[in-house]
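Encoded as structure tokens, the structure appears first; notes follow it.
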Amino acid sequence: MSNNGAMLRTAILKGLGIGLMPWFIVGEDVKAGHLVPLLTEYEPLEVGIYAVYPQNRQPAAKVRSFVDFLATRFQQEPSWEPRGPPKRR
């Protein structure tokens, strides 16, 4: 387990195990045939992003602006992430 995508990609390419990786990190490896998608019928759990601030007072304008930016930015599909790896047949 690691929070370093490049290190995990290298370990997977060296055959040290399998991993749940973002398409923007391993997409080219899959396209080139270096990696094979597994368990493609399963969807990973979605991960949320949370902004936490005291409930008993109004957030500062810059905090409210940042929260609004996050909500707008992350409500859509990321431009770097296609709808997932190609399905195996």
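In the structure tokens, the first chain shown is A, the next is B, and so on; residue numbers restart at 1 for each chain, and ligands run from 1 in the order shown.
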
Please return, as a ChimeraX atom specification, all residues of stretch 2-87 of chain A that DSSP assigns to helix (DSSP H, G or I) on the basis of the backbone. /A:5-13,23-31,61-74

Separation of atom CA of A:Pro37 from atom CA of A:Ile18 in Å: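 Atom CA of A:Pro37 lies 9.5 Å from atom CA of A:Ile18.
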
Report, in Å with one decimal, the straight-line distance from atom CA of A:Gln75 to atom CA of A:Leu8.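 Separation between atom CA of A:Gln75 and atom CA of A:Leu8: 27.2 Å.
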
Atomic distance atom CA of A:Leu13 - atom CA of A:Met1, expressed in Å with one decimal: 15.3 Å
